[in-house]
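J.: Structure file structure05.pdb, PDB, C-alpha atoms, pLDDT in the B column, is pasted below:
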```
ATOM      1  CA  GLN A1004     178.275 -62.037 212.253  1.00 90.00           C
ATOM      2  CA  VAL A1005     177.896 -60.357 208.890  1.00 92.00           C
ATOM      3  CA  TYR A1006     176.103 -61.742 205.873  1.00 95.00           C
ATOM      4  CA  LEU A1007     176.780 -60.724 202.293  1.00 96.00           C
ATOM      5  CA  VAL A1008     174.385 -61.201 199.402  1.00 95.00           C
ATOM      6  CA  GLU A1009     175.641 -60.587 195.886  1.00 95.00           C
ATOM      7  CA  SER A1010     173.604 -60.068 192.760  1.00 95.00           C
ATOM      8  CA  GLY A1011     173.932 -58.837 189.212  1.00 96.00           C
ATOM      9  CA  GLY A1012     176.116 -61.408 187.538  1.00 94.00           C
ATOM     10  CA  GLY A1013     175.253 -62.932 184.200  1.00 97.00           C
ATOM     11  CA  LEU A1014     176.219 -63.403 180.588  1.00 98.00           C
ATOM     12  CA  VAL A1015     177.147 -60.416 178.440  1.00 98.00           C
ATOM     13  CA  GLN A1016     178.881 -59.853 175.136  1.00 98.00           C
ATOM     14  CA  ALA A1017     182.297 -58.284 174.956  1.00 98.00           C
ATOM     15  CA  GLY A1018     182.002 -54.524 175.173  1.00 98.00           C
ATOM     16  CA  GLY A1019     178.888 -54.740 177.278  1.00 98.00           C
ATOM     17  CA  SER A1020     178.194 -53.731 180.862  1.00 98.00           C
ATOM     18  CA  LEU A1021     177.038 -55.301 184.087  1.00 98.00           C
ATOM     19  CA  ARG A1022     176.515 -53.962 187.578  1.00 98.00           C
ATOM     20  CA  LEU A1023     177.160 -56.127 190.597  1.00 98.00           C
ATOM     21  CA  SER A1024     175.649 -55.410 193.989  1.00 98.00           C
ATOM     22  CA  CYS A1025     176.575 -56.679 197.418  1.00 97.00           C
ATOM     23  CA  GLN A1026     174.431 -55.961 200.441  1.00 96.00           C
ATOM     24  CA  ALA A1027     175.673 -56.545 203.953  1.00 95.00           C
ATOM     25  CA  SER A1028     173.458 -57.379 206.906  1.00 93.00           C
ATOM     26  CA  GLY A1029     173.998 -58.328 210.505  1.00 92.00           C
ATOM     27  CA  ARG A1030     176.626 -56.580 212.599  1.00 86.00           C
ATOM     28  CA  THR A1031     177.472 -53.860 210.110  1.00 85.00           C
ATOM     29  CA  SER A1032     178.171 -50.986 212.471  1.00 87.00           C
ATOM     30  CA  SER A1033     181.940 -51.301 212.142  1.00 88.00           C
ATOM     31  CA  ILE A1034     182.375 -51.717 208.403  1.00 90.00           C
ATOM     32  CA  SER A1035     185.603 -50.060 207.319  1.00 92.00           C
ATOM     33  CA  ALA A1036     185.872 -51.300 203.734  1.00 95.00           C
ATOM     34  CA  MET A1037     184.309 -53.500 201.097  1.00 96.00           C
ATOM     35  CA  GLY A1038     185.811 -54.908 197.987  1.00 96.00           C
ATOM     36  CA  TRP A1039     185.485 -57.203 195.030  1.00 98.00           C
ATOM     37  CA  PHE A1040     187.733 -60.066 194.076  1.00 98.00           C
ATOM     38  CA  ARG A1041     187.392 -62.530 191.223  1.00 98.00           C
ATOM     39  CA  GLN A1042     188.525 -66.005 190.388  1.00 98.00           C
ATOM     40  CA  ALA A1043     188.683 -67.456 186.902  1.00 97.00           C
ATOM     41  CA  PRO A1044     188.855 -71.210 186.286  1.00 92.00           C
ATOM     42  CA  GLY A1045     192.314 -72.538 187.022  1.00 95.00           C
ATOM     43  CA  LYS A1046     193.521 -69.224 188.411  1.00 96.00           C
ATOM     44  CA  GLU A1047     194.010 -67.768 191.843  1.00 97.00           C
ATOM     45  CA  ARG A1048     191.603 -65.278 193.330  1.00 97.00           C
ATOM     46  CA  GLU A1049     192.623 -61.748 192.406  1.00 98.00           C
ATOM     47  CA  PHE A1050     191.782 -58.269 193.595  1.00 98.00           C
ATOM     48  CA  VAL A1051     189.442 -56.156 191.483  1.00 98.00           C
ATOM     49  CA  ALA A1052     188.437 -53.069 193.459  1.00 98.00           C
ATOM     50  CA  ALA A1053     187.881 -51.822 196.988  1.00 97.00           C
ATOM     51  CA  ILE A1054     186.307 -48.852 198.705  1.00 96.00           C
ATOM     52  CA  ARG A1055     186.869 -47.434 202.139  1.00 94.00           C
ATOM     53  CA  TRP A1056     183.701 -46.655 204.041  1.00 87.00           C
ATOM     54  CA  SER A1057     185.179 -43.260 204.873  1.00 85.00           C
ATOM     55  CA  GLY A1058     186.079 -42.635 201.223  1.00 84.00           C
ATOM     56  CA  GLY A1059     188.831 -43.698 198.869  1.00 92.00           C
ATOM     57  CA  THR A1060     188.838 -46.311 196.144  1.00 96.00           C
ATOM     58  CA  TYR A1061     191.380 -48.769 194.839  1.00 96.00           C
ATOM     59  CA  TYR A1062     191.479 -50.657 191.556  1.00 97.00           C
ATOM     60  CA  ALA A1063     193.486 -53.386 189.924  1.00 97.00           C
ATOM     61  CA  ASP A1064     195.382 -52.096 186.914  1.00 97.00           C
ATOM     62  CA  SER A1065     193.468 -54.495 184.679  1.00 97.00           C
ATOM     63  CA  VAL A1066     190.137 -52.797 185.399  1.00 98.00           C
ATOM     64  CA  LYS A1067     191.090 -49.144 185.821  1.00 98.00           C
ATOM     65  CA  GLY A1068     189.049 -46.910 183.574  1.00 97.00           C
ATOM     66  CA  ARG A1069     186.462 -49.652 182.957  1.00 98.00           C
ATOM     67  CA  PHE A1070     185.135 -50.577 186.404  1.00 98.00           C
ATOM     68  CA  THR A1071     183.792 -48.259 189.087  1.00 98.00           C
ATOM     69  CA  ILE A1072     183.190 -49.203 192.689  1.00 98.00           C
ATOM     70  CA  SER A1073     180.725 -47.214 194.768  1.00 97.00           C
ATOM     71  CA  ARG A1074     178.831 -47.580 198.002  1.00 95.00           C
ATOM     72  CA  ASP A1075     175.585 -46.677 199.690  1.00 92.00           C
ATOM     73  CA  ASN A1076     176.409 -46.437 203.375  1.00 88.00           C
ATOM     74  CA  ALA A1077     172.760 -46.236 204.415  1.00 90.00           C
ATOM     75  CA  LYS A1078     172.011 -49.509 202.652  1.00 92.00           C
ATOM     76  CA  ASN A1079     175.334 -51.149 203.553  1.00 91.00           C
ATOM     77  CA  THR A1080     175.679 -51.927 199.880  1.00 95.00           C
ATOM     78  CA  VAL A1081     178.601 -51.784 197.507  1.00 97.00           C
ATOM     79  CA  TYR A1082     178.297 -51.743 193.737  1.00 98.00           C
ATOM     80  CA  LEU A1083     180.676 -52.627 190.942  1.00 98.00           C
ATOM     81  CA  GLN A1084     179.820 -51.039 187.624  1.00 98.00           C
ATOM     82  CA  MET A1085     181.644 -52.935 184.913  1.00 98.00           C
ATOM     83  CA  ASN A1086     181.873 -51.378 181.463  1.00 98.00           C
ATOM     84  CA  SER A1087     183.721 -52.370 178.305  1.00 98.00           C
ATOM     85  CA  LEU A1088     183.808 -55.937 179.485  1.00 98.00           C
ATOM     86  CA  LYS A1089     186.322 -58.312 177.968  1.00 98.00           C
ATOM     87  CA  PRO A1090     186.327 -62.111 177.771  1.00 97.00           C
ATOM     88  CA  GLU A1091     189.221 -62.105 180.243  1.00 97.00           C
ATOM     89  CA  ASP A1092     186.890 -60.561 182.826  1.00 98.00           C
ATOM     90  CA  THR A1093     185.026 -63.867 182.959  1.00 98.00           C
ATOM     91  CA  ALA A1094     185.189 -65.160 186.522  1.00 98.00           C
ATOM     92  CA  VAL A1095     183.278 -65.706 189.703  1.00 98.00           C
ATOM     93  CA  TYR A1096     183.170 -62.355 191.470  1.00 98.00           C
ATOM     94  CA  TYR A1097     183.275 -62.311 195.258  1.00 98.00           C
ATOM     95  CA  CYS A1098     182.250 -59.508 197.540  1.00 98.00           C
ATOM     96  CA  ALA A1099     184.415 -58.993 200.607  1.00 97.00           C
ATOM     97  CA  LEU A1100     183.929 -56.935 203.737  1.00 96.00           C
ATOM     98  CA  ARG A1101     186.222 -55.650 206.450  1.00 95.00           C
ATOM     99  CA  VAL A1102     184.913 -55.072 209.953  1.00 94.00           C
ATOM    100  CA  GLY A1103     187.228 -53.142 212.202  1.00 91.00           C
ATOM    101  CA  PRO A1104     190.132 -50.820 211.481  1.00 91.00           C
ATOM    102  CA  VAL A1105     192.606 -51.380 208.691  1.00 89.00           C
ATOM    103  CA  TYR A1106     196.271 -50.843 209.410  1.00 87.00           C
ATOM    104  CA  GLY A1107     198.799 -50.000 206.781  1.00 82.00           C
ATOM    105  CA  GLY A1108     198.708 -48.186 203.485  1.00 81.00           C
ATOM    106  CA  GLY A1109     196.409 -48.502 200.521  1.00 84.00           C
ATOM    107  CA  TYR A1110     198.086 -51.739 199.469  1.00 91.00           C
ATOM    108  CA  VAL A1111     196.354 -53.680 202.213  1.00 95.00           C
ATOM    109  CA  TYR A1112     192.959 -53.103 200.626  1.00 96.00           C
ATOM    110  CA  SER A1113     193.996 -55.273 197.698  1.00 96.00           C
ATOM    111  CA  GLN A1114     194.897 -58.180 199.942  1.00 96.00           C
ATOM    112  CA  ALA A1115     192.350 -60.919 200.596  1.00 97.00           C
ATOM    113  CA  PRO A1116     193.387 -61.483 204.256  1.00 96.00           C
ATOM    114  CA  THR A1117     192.330 -57.899 205.022  1.00 96.00           C
ATOM    115  CA  TYR A1118     188.687 -58.926 204.744  1.00 97.00           C
ATOM    116  CA  ASN A1119     186.751 -60.758 207.449  1.00 94.00           C
ATOM    117  CA  TYR A1120     183.693 -61.783 205.486  1.00 96.00           C
ATOM    118  CA  TRP A1121     183.022 -63.065 201.988  1.00 97.00           C
ATOM    119  CA  GLY A1122     180.016 -63.518 199.793  1.00 96.00           C
ATOM    120  CA  GLN A1123     179.122 -66.691 197.970  1.00 96.00           C
ATOM    121  CA  GLY A1124     180.191 -65.359 194.581  1.00 96.00           C
ATOM    122  CA  THR A1125     178.352 -64.462 191.407  1.00 97.00           C
ATOM    123  CA  GLN A1126     179.284 -65.652 187.935  1.00 97.00           C
ATOM    124  CA  VAL A1127     180.190 -63.138 185.251  1.00 98.00           C
ATOM    125  CA  THR A1128     180.665 -64.523 181.766  1.00 98.00           C
ATOM    126  CA  VAL A1129     181.772 -62.334 178.875  1.00 98.00           C
ATOM    127  CA  SER A1130     181.432 -63.851 175.427  1.00 97.00           C
ATOM    128  CA  SER A1131     183.611 -62.817 172.510  1.00 94.00           C
TER     129      SER A1131
END
```
So that I can check it, write out the structure of this file as structure tokens.
T.:
Amino acid sequence: QVYLVESGGGLVQAGGSLRLSCQASGRTSSISAMGWFRQAPGKEREFVAAIRWSGGTYYADSVKGRFTISRDNAKNTVYLQMNSLKPEDTAVYYCALRVGPVYGGGYVYSQAPTYNYWGQGTQVTVSS
């Protein structure tokens, strides 16, 4: 079993920044990727960013150039630095983790079924 604890959400004005953290614990020896998804009220959950534990990052077009995903392998922690935030970034942000190998191209990292474990979510609210 793997447990994910997210932190760093909050309220920020448009143009501001926040950094989300997600720390994994438990059976973390086979982590192959971690990612962030978000869900706004009345909308489906959508991909934000992902990082392969061996290297390589993926971003949704809507956040490219504004968000940066990074990891600390020793701490089993992934970060999402969010800059130039917009009101449309308001959502609950979920951390996701993949244990075991990933098959297929980079596209699979943007797909929710790729991930075995999910965090409880952290609210990000961007005011205009």
J.: Go through A:Ser1024, A:Trp1039, A:Pro1116, A:Arg1030 and flag the residue nearest Tyr1006 of chain A, using all atoms listed in the file for the distances.
T.: A:Arg1030
J.: Could you check which of A:Ala1053, A:Ile1072, A:Leu1088, A:Leu1007 is closest to Thr1031 of chain A, using only C-alpha atoms?
T.: A:Leu1007
J.: Which residues come within 9 Å of Ser1020 of chain A, counting all atoms listed in the file, excluding same-chain residues fewer than 3 positions away, as a list in words?
T.: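 The neighbour list is Val1015, Gln1016, Ala1017, Gln1084, Met1085, Asn1086, Ser1087 and Leu1088 of chain A.
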J.: Counting only C-alpha atoms, which of A:Ala1036, A:Val1066, A:Leu1014, A:Leu1023 gets nearest to Val1127 of chain A?
T.: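 Of all the options, A:Leu1014 lies closest to Val1127 of chain A.
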J.: Could you tell me which residues the PyMOL selection byres ((chain A and resi 1050) around 6) grabs in this file, written as a list in words?
T.: Phe1040, Glu1049, Val1051 and Ser1113 of chain A
J.: For the residues selected in the previous step, produce a file with C-alpha atoms as an mmCIF file, in the frame of the given file.
T.:
```
data_model
loop_
_atom_site.group_PDB
_atom_site.id
_atom_site.type_symbol
_atom_site.label_atom_id
_atom_site.label_comp_id
_atom_site.auth_asym_id
_atom_site.auth_seq_id
_atom_site.Cartn_x
_atom_site.Cartn_y
_atom_site.Cartn_z
ATOM 1 C CA PHE A 1040 187.733 -60.066 194.076
ATOM 2 C CA GLU A 1049 192.623 -61.748 192.406
ATOM 3 C CA VAL A 1051 189.442 -56.156 191.483
ATOM 4 C CA SER A 1113 193.996 -55.273 197.698
#
```
J.: With all atoms listed in the file as the atoms that count, which of A:Ile1034, A:Val1081, A:Val1129, A:Ala1063 lies nearest to Cys1098 of chain A?
T.: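 Closest candidate: A:Val1081.
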